[in-house]
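To start, the structure itself, in structure tokens.
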Amino acid sequence: MDQDFILTLVDDSRSARSMQKQIGPSEIGGCKRRTWHRVQGHPVINETLSMAAWMGTAIHSAIEKKIRRIDPFSEQYLLEEPATVGDLTGHVDCYDIENREVIDWKTTTKRRLADFPSEQQRWQVQVYGYLMRGNGYPVDTVTLVGIPRDGNETHVKIHSEPYYESVAIKALEWLASVRSSVDPPEPTEHVRFCRDYCSFYNPRADDDGDGCPGGGR
């Protein structure tokens, strides 16, 4: 099989999720500089690695199909449910109607499970809870499920906590501050990460003014 063809199969850079232009909950609490460039509508200038994102999308799809296969007529779960409040829209991985619970699948690695969930991940799932409540669904609990791409079912880590509107509001204030910023914020990710995963990384940004040179140098 041709190598270029194989690479095309695992390249997620042109998927609908990868190409979406609207800021979503998954970007809240990440690198302010990258989110600022997205808010400004700046063009993509760096080709990033995408196989991890592709694997994450595939795992999400597999979980959704399995839920539907286990009980195809169940009305207990809403899957990939769109929810909008104001100018923020998110697609909630799973909402358990019976237990009034928002569930967000997170693909990661075994090494990163030690720090799971991060503050950013907690913000995201709380914002999903905020969006669902804003669309008329009661939410008592939010849950993050960490699924390691390099592990097995014994490594899956589950974190549940009550829904806190105050945490969601704090996350939304973070996004509001990025949107209102005239000048680009300082980058928060290390340059090695930016080089591989940030669409706005530009090692010559300090000279030509476009993009971001990355942080942690």
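Letters A, B, ... go to the chains of the structure tokens in the order shown; residues in each chain start at 1; ligands are counted from 1 in the same order.
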If you take only C-alpha atoms and a cut-off of 12 Å, which residues of segment 52-136 of chain A touch segment 170-184 of chain A, and what are their nearest atom pairs and distances in Å to one decimal, in chain and number order, as a Markdown table?
```
| residue | atom | partner | partner_atom | distance |
| --- | --- | --- | --- | --- |
| A:Val85 | CA | A:Leu172 | CA | 11.1 |
| A:Gly86 | CA | A:Leu172 | CA | 11.3 |
| A:Asp87 | CA | A:Ala176 | CA | 11.1 |
| A:Leu88 | CA | A:Leu172 | CA | 9.4 |
| A:Glu119 | CA | A:Ala171 | CA | 9.9 |
| A:Gln120 | CA | A:Ala171 | CA | 8.6 |
| A:Gln121 | CA | A:Ala171 | CA | 10.6 |
| A:Arg122 | CA | A:Ala171 | CA | 9.5 |
| A:Trp123 | CA | A:Ala171 | CA | 5.8 |
| A:Gln124 | CA | A:Ala171 | CA | 7.7 |
| A:Val125 | CA | A:Ala171 | CA | 10.3 |
| A:Gln126 | CA | A:Ala171 | CA | 8.5 |
| A:Val127 | CA | A:Ala171 | CA | 7.2 |
| A:Tyr128 | CA | A:Ala171 | CA | 10.9 |
| A:Tyr130 | CA | A:Leu172 | CA | 10.0 |
| A:Leu131 | CA | A:Leu172 | CA | 11.1 |
```
Any chance you can output those residues with N, CA and C atoms as a PDB file, in the first residue's frame?
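In the end it all went to part_35.pdb:
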```pdb
ATOM      1  N   VAL A  85     -25.861  28.485  23.987  1.00  0.00           N
ATOM      2  CA  VAL A  85     -26.241  29.591  24.870  1.00  0.00           C
ATOM      3  C   VAL A  85     -25.492  30.818  24.372  1.00  0.00           C
ATOM      4  N   GLY A  86     -26.238  31.849  23.970  1.00  0.00           N
ATOM      5  CA  GLY A  86     -25.596  33.031  23.409  1.00  0.00           C
ATOM      6  C   GLY A  86     -24.851  32.686  22.137  1.00  0.00           C
ATOM      7  N   ASP A  87     -23.563  33.044  22.089  1.00  0.00           N
ATOM      8  CA  ASP A  87     -22.762  32.763  20.894  1.00  0.00           C
ATOM      9  C   ASP A  87     -21.841  31.568  21.078  1.00  0.00           C
ATOM     10  N   LEU A  88     -22.124  30.744  22.076  1.00  0.00           N
ATOM     11  CA  LEU A  88     -21.304  29.558  22.332  1.00  0.00           C
ATOM     12  C   LEU A  88     -22.119  28.291  22.072  1.00  0.00           C
ATOM     13  N   GLU A 119      -7.457  21.168  35.060  1.00  0.00           N
ATOM     14  CA  GLU A 119      -8.415  22.247  35.278  1.00  0.00           C
ATOM     15  C   GLU A 119      -9.152  22.579  33.985  1.00  0.00           C
ATOM     16  N   GLN A 120      -8.422  22.563  32.871  1.00  0.00           N
ATOM     17  CA  GLN A 120      -9.046  22.841  31.587  1.00  0.00           C
ATOM     18  C   GLN A 120     -10.148  21.842  31.278  1.00  0.00           C
ATOM     19  N   GLN A 121      -9.904  20.562  31.526  1.00  0.00           N
ATOM     20  CA  GLN A 121     -10.911  19.536  31.263  1.00  0.00           C
ATOM     21  C   GLN A 121     -12.122  19.704  32.180  1.00  0.00           C
ATOM     22  N   ARG A 122     -11.884  20.061  33.435  1.00  0.00           N
ATOM     23  CA  ARG A 122     -12.999  20.307  34.361  1.00  0.00           C
ATOM     24  C   ARG A 122     -13.811  21.512  33.897  1.00  0.00           C
ATOM     25  N   TRP A 123     -13.141  22.557  33.448  1.00  0.00           N
ATOM     26  CA  TRP A 123     -13.853  23.721  32.920  1.00  0.00           C
ATOM     27  C   TRP A 123     -14.739  23.318  31.754  1.00  0.00           C
ATOM     28  N   GLN A 124     -14.190  22.537  30.852  1.00  0.00           N
ATOM     29  CA  GLN A 124     -14.927  22.153  29.645  1.00  0.00           C
ATOM     30  C   GLN A 124     -16.213  21.409  29.989  1.00  0.00           C
ATOM     31  N   VAL A 125     -16.122  20.398  30.856  1.00  0.00           N
ATOM     32  CA  VAL A 125     -17.308  19.606  31.148  1.00  0.00           C
ATOM     33  C   VAL A 125     -18.324  20.415  31.950  1.00  0.00           C
ATOM     34  N   GLN A 126     -17.843  21.350  32.774  1.00  0.00           N
ATOM     35  CA  GLN A 126     -18.775  22.221  33.488  1.00  0.00           C
ATOM     36  C   GLN A 126     -19.485  23.159  32.513  1.00  0.00           C
ATOM     37  N   VAL A 127     -18.775  23.622  31.492  1.00  0.00           N
ATOM     38  CA  VAL A 127     -19.409  24.466  30.469  1.00  0.00           C
ATOM     39  C   VAL A 127     -20.443  23.665  29.691  1.00  0.00           C
ATOM     40  N   TYR A 128     -20.151  22.400  29.399  1.00  0.00           N
ATOM     41  CA  TYR A 128     -21.157  21.557  28.749  1.00  0.00           C
ATOM     42  C   TYR A 128     -22.403  21.454  29.623  1.00  0.00           C
ATOM     43  N   TYR A 130     -23.394  23.712  31.722  1.00  0.00           N
ATOM     44  CA  TYR A 130     -24.023  25.038  31.618  1.00  0.00           C
ATOM     45  C   TYR A 130     -24.865  25.147  30.347  1.00  0.00           C
ATOM     46  N   LEU A 131     -24.325  24.661  29.239  1.00  0.00           N
ATOM     47  CA  LEU A 131     -25.047  24.716  27.970  1.00  0.00           C
ATOM     48  C   LEU A 131     -26.308  23.847  28.009  1.00  0.00           C
TER      49      LEU A 131
END
```
Test item, helix (DSSP H, G or I) assignment across chain A, answer as number ranges by chain: A: 3-9, 16-19, 25-27, 32-40, 51-70, 111-115, 119-134, 153-155, 165-180, 191-197, 205-208
Residue neighbourhood segment 32-48 of chain A, 6 Å, only C-alpha atoms, exclusion window fewer than 4 positions, as a list of chain:residue names: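 Here the qualifying residues turn out to be A:Val178, A:Pro185, A:Glu186, A:Pro187, A:Asp196, A:Tyr197, A:Ser199, A:Phe200, A:Tyr201.
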Which of these, A:Tyr163, A:His91, A:Pro203, A:Thr108, has the shortest distance to Leu78 of chain A once you count only C-alpha atoms?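 Using only C-alpha atoms, Leu78 of chain A sits closest to A:His91.
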All strand (DSSP E) positions in segment 75-215 of chain A, as a PDB file with N, CA and C atoms, in the first residue's frame:
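Output below, filename selection.pdb:
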```
ATOM      1  N   TYR A  77     -30.348   8.268  26.846  1.00  0.00           N
ATOM      2  CA  TYR A  77     -29.133   8.990  26.493  1.00  0.00           C
ATOM      3  C   TYR A  77     -29.327   9.874  25.267  1.00  0.00           C
ATOM      4  N   LEU A  78     -28.796  11.072  25.359  1.00  0.00           N
ATOM      5  CA  LEU A  78     -28.663  11.937  24.197  1.00  0.00           C
ATOM      6  C   LEU A  78     -27.192  11.939  23.827  1.00  0.00           C
ATOM      7  N   LEU A  79     -26.875  11.664  22.562  1.00  0.00           N
ATOM      8  CA  LEU A  79     -25.494  11.536  22.116  1.00  0.00           C
ATOM      9  C   LEU A  79     -25.155  12.628  21.121  1.00  0.00           C
ATOM     10  N   GLU A  80     -23.976  13.240  21.301  1.00  0.00           N
ATOM     11  CA  GLU A  80     -23.537  14.347  20.442  1.00  0.00           C
ATOM     12  C   GLU A  80     -24.637  15.409  20.335  1.00  0.00           C
ATOM     13  N   GLU A  81     -25.185  15.741  21.489  1.00  0.00           N
ATOM     14  CA  GLU A  81     -26.306  16.674  21.541  1.00  0.00           C
ATOM     15  C   GLU A  81     -25.812  18.115  21.393  1.00  0.00           C
ATOM     16  N   PRO A  82     -26.286  18.847  20.378  1.00  0.00           N
ATOM     17  CA  PRO A  82     -25.893  20.252  20.236  1.00  0.00           C
ATOM     18  C   PRO A  82     -26.608  21.115  21.262  1.00  0.00           C
ATOM     19  N   ALA A  83     -25.896  22.059  21.824  1.00  0.00           N
ATOM     20  CA  ALA A  83     -26.483  22.968  22.812  1.00  0.00           C
ATOM     21  C   ALA A  83     -25.855  24.338  22.634  1.00  0.00           C
ATOM     22  N   THR A  84     -26.693  25.370  22.620  1.00  0.00           N
ATOM     23  CA  THR A  84     -26.213  26.729  22.393  1.00  0.00           C
ATOM     24  C   THR A  84     -26.746  27.669  23.465  1.00  0.00           C
ATOM     25  N   VAL A  85     -25.861  28.485  23.987  1.00  0.00           N
ATOM     26  CA  VAL A  85     -26.241  29.591  24.870  1.00  0.00           C
ATOM     27  C   VAL A  85     -25.492  30.818  24.372  1.00  0.00           C
ATOM     28  N   LEU A  88     -22.124  30.744  22.076  1.00  0.00           N
ATOM     29  CA  LEU A  88     -21.304  29.558  22.332  1.00  0.00           C
ATOM     30  C   LEU A  88     -22.119  28.291  22.072  1.00  0.00           C
ATOM     31  N   THR A  89     -21.591  27.442  21.214  1.00  0.00           N
ATOM     32  CA  THR A  89     -22.245  26.173  20.889  1.00  0.00           C
ATOM     33  C   THR A  89     -21.296  25.019  21.167  1.00  0.00           C
ATOM     34  N   GLY A  90     -21.826  23.971  21.753  1.00  0.00           N
ATOM     35  CA  GLY A  90     -21.038  22.773  21.986  1.00  0.00           C
ATOM     36  C   GLY A  90     -21.840  21.538  21.635  1.00  0.00           C
ATOM     37  N   HIS A  91     -21.146  20.436  21.385  1.00  0.00           N
ATOM     38  CA  HIS A  91     -21.795  19.152  21.143  1.00  0.00           C
ATOM     39  C   HIS A  91     -21.417  18.231  22.302  1.00  0.00           C
ATOM     40  N   VAL A  92     -22.398  17.930  23.131  1.00  0.00           N
ATOM     41  CA  VAL A  92     -22.170  17.148  24.343  1.00  0.00           C
ATOM     42  C   VAL A  92     -22.066  15.673  23.976  1.00  0.00           C
ATOM     43  N   ASP A  93     -20.968  15.036  24.387  1.00  0.00           N
ATOM     44  CA  ASP A  93     -20.746  13.633  24.032  1.00  0.00           C
ATOM     45  C   ASP A  93     -21.919  12.762  24.453  1.00  0.00           C
ATOM     46  N   CYS A  94     -22.332  12.902  25.714  1.00  0.00           N
ATOM     47  CA  CYS A  94     -23.417  12.069  26.223  1.00  0.00           C
ATOM     48  C   CYS A  94     -24.133  12.782  27.362  1.00  0.00           C
ATOM     49  N   TYR A  95     -25.462  12.794  27.291  1.00  0.00           N
ATOM     50  CA  TYR A  95     -26.267  13.310  28.398  1.00  0.00           C
ATOM     51  C   TYR A  95     -27.187  12.204  28.858  1.00  0.00           C
ATOM     52  N   ASP A  96     -27.062  11.845  30.141  1.00  0.00           N
ATOM     53  CA  ASP A  96     -27.870  10.786  30.748  1.00  0.00           C
ATOM     54  C   ASP A  96     -29.108  11.445  31.351  1.00  0.00           C
ATOM     55  N   GLU A 101     -26.997  13.777  34.061  1.00  0.00           N
ATOM     56  CA  GLU A 101     -25.530  13.777  34.063  1.00  0.00           C
ATOM     57  C   GLU A 101     -24.975  14.054  32.662  1.00  0.00           C
ATOM     58  N   VAL A 102     -23.980  14.924  32.606  1.00  0.00           N
ATOM     59  CA  VAL A 102     -23.232  15.182  31.375  1.00  0.00           C
ATOM     60  C   VAL A 102     -21.950  14.359  31.425  1.00  0.00           C
ATOM     61  N   ILE A 103     -21.676  13.625  30.345  1.00  0.00           N
ATOM     62  CA  ILE A 103     -20.484  12.772  30.279  1.00  0.00           C
ATOM     63  C   ILE A 103     -19.644  13.183  29.080  1.00  0.00           C
ATOM     64  N   ASP A 104     -18.351  13.367  29.312  1.00  0.00           N
ATOM     65  CA  ASP A 104     -17.433  13.787  28.253  1.00  0.00           C
ATOM     66  C   ASP A 104     -16.297  12.778  28.154  1.00  0.00           C
ATOM     67  N   TRP A 105     -16.155  12.148  26.977  1.00  0.00           N
ATOM     68  CA  TRP A 105     -15.062  11.190  26.767  1.00  0.00           C
ATOM     69  C   TRP A 105     -13.790  11.967  26.427  1.00  0.00           C
ATOM     70  N   LYS A 106     -12.679  11.612  27.069  1.00  0.00           N
ATOM     71  CA  LYS A 106     -11.395  12.245  26.793  1.00  0.00           C
ATOM     72  C   LYS A 106     -10.365  11.176  26.442  1.00  0.00           C
ATOM     73  N   THR A 107      -9.808  11.246  25.245  1.00  0.00           N
ATOM     74  CA  THR A 107      -8.729  10.334  24.897  1.00  0.00           C
ATOM     75  C   THR A 107      -7.404  10.970  25.291  1.00  0.00           C
ATOM     76  N   THR A 108      -6.522  10.152  25.840  1.00  0.00           N
ATOM     77  CA  THR A 108      -5.270  10.668  26.379  1.00  0.00           C
ATOM     78  C   THR A 108      -4.218   9.555  26.314  1.00  0.00           C
ATOM     79  N   THR A 141     -24.780  16.325  37.779  1.00  0.00           N
ATOM     80  CA  THR A 141     -23.428  15.772  37.816  1.00  0.00           C
ATOM     81  C   THR A 141     -22.761  15.908  36.451  1.00  0.00           C
ATOM     82  N   VAL A 142     -21.449  16.158  36.474  1.00  0.00           N
ATOM     83  CA  VAL A 142     -20.661  16.135  35.237  1.00  0.00           C
ATOM     84  C   VAL A 142     -19.551  15.103  35.418  1.00  0.00           C
ATOM     85  N   THR A 143     -19.282  14.363  34.359  1.00  0.00           N
ATOM     86  CA  THR A 143     -18.324  13.257  34.441  1.00  0.00           C
ATOM     87  C   THR A 143     -17.347  13.303  33.280  1.00  0.00           C
ATOM     88  N   LEU A 144     -16.085  13.085  33.589  1.00  0.00           N
ATOM     89  CA  LEU A 144     -15.027  12.974  32.589  1.00  0.00           C
ATOM     90  C   LEU A 144     -14.513  11.536  32.594  1.00  0.00           C
ATOM     91  N   VAL A 145     -14.390  10.962  31.410  1.00  0.00           N
ATOM     92  CA  VAL A 145     -13.891   9.591  31.282  1.00  0.00           C
ATOM     93  C   VAL A 145     -12.591   9.639  30.486  1.00  0.00           C
ATOM     94  N   GLY A 146     -11.476   9.346  31.137  1.00  0.00           N
ATOM     95  CA  GLY A 146     -10.169   9.361  30.488  1.00  0.00           C
ATOM     96  C   GLY A 146      -9.847   8.001  29.889  1.00  0.00           C
ATOM     97  N   ILE A 147      -9.695   7.960  28.573  1.00  0.00           N
ATOM     98  CA  ILE A 147      -9.445   6.704  27.861  1.00  0.00           C
ATOM     99  C   ILE A 147      -8.059   6.776  27.218  1.00  0.00           C
ATOM    100  N   PRO A 148      -7.074   6.008  27.731  1.00  0.00           N
ATOM    101  CA  PRO A 148      -5.723   6.075  27.174  1.00  0.00           C
ATOM    102  C   PRO A 148      -5.610   5.332  25.851  1.00  0.00           C
ATOM    103  N   LYS A 157      -9.932   5.964  33.440  1.00  0.00           N
ATOM    104  CA  LYS A 157     -10.092   6.732  34.673  1.00  0.00           C
ATOM    105  C   LYS A 157     -11.362   7.582  34.581  1.00  0.00           C
ATOM    106  N   ILE A 158     -12.193   7.508  35.618  1.00  0.00           N
ATOM    107  CA  ILE A 158     -13.471   8.220  35.634  1.00  0.00           C
ATOM    108  C   ILE A 158     -13.476   9.242  36.762  1.00  0.00           C
ATOM    109  N   HIS A 159     -13.839  10.461  36.418  1.00  0.00           N
ATOM    110  CA  HIS A 159     -13.941  11.536  37.417  1.00  0.00           C
ATOM    111  C   HIS A 159     -15.320  12.159  37.335  1.00  0.00           C
ATOM    112  N   SER A 160     -16.061  12.141  38.456  1.00  0.00           N
ATOM    113  CA  SER A 160     -17.379  12.767  38.525  1.00  0.00           C
ATOM    114  C   SER A 160     -17.390  13.814  39.626  1.00  0.00           C
ATOM    115  N   GLU A 161     -18.127  14.875  39.401  1.00  0.00           N
ATOM    116  CA  GLU A 161     -18.277  15.926  40.399  1.00  0.00           C
ATOM    117  C   GLU A 161     -19.623  16.615  40.175  1.00  0.00           C
ATOM    118  N   PRO A 162     -20.115  17.304  41.186  1.00  0.00           N
ATOM    119  CA  PRO A 162     -21.372  18.032  40.992  1.00  0.00           C
ATOM    120  C   PRO A 162     -21.208  19.135  39.954  1.00  0.00           C
TER     121      PRO A 162
END
```
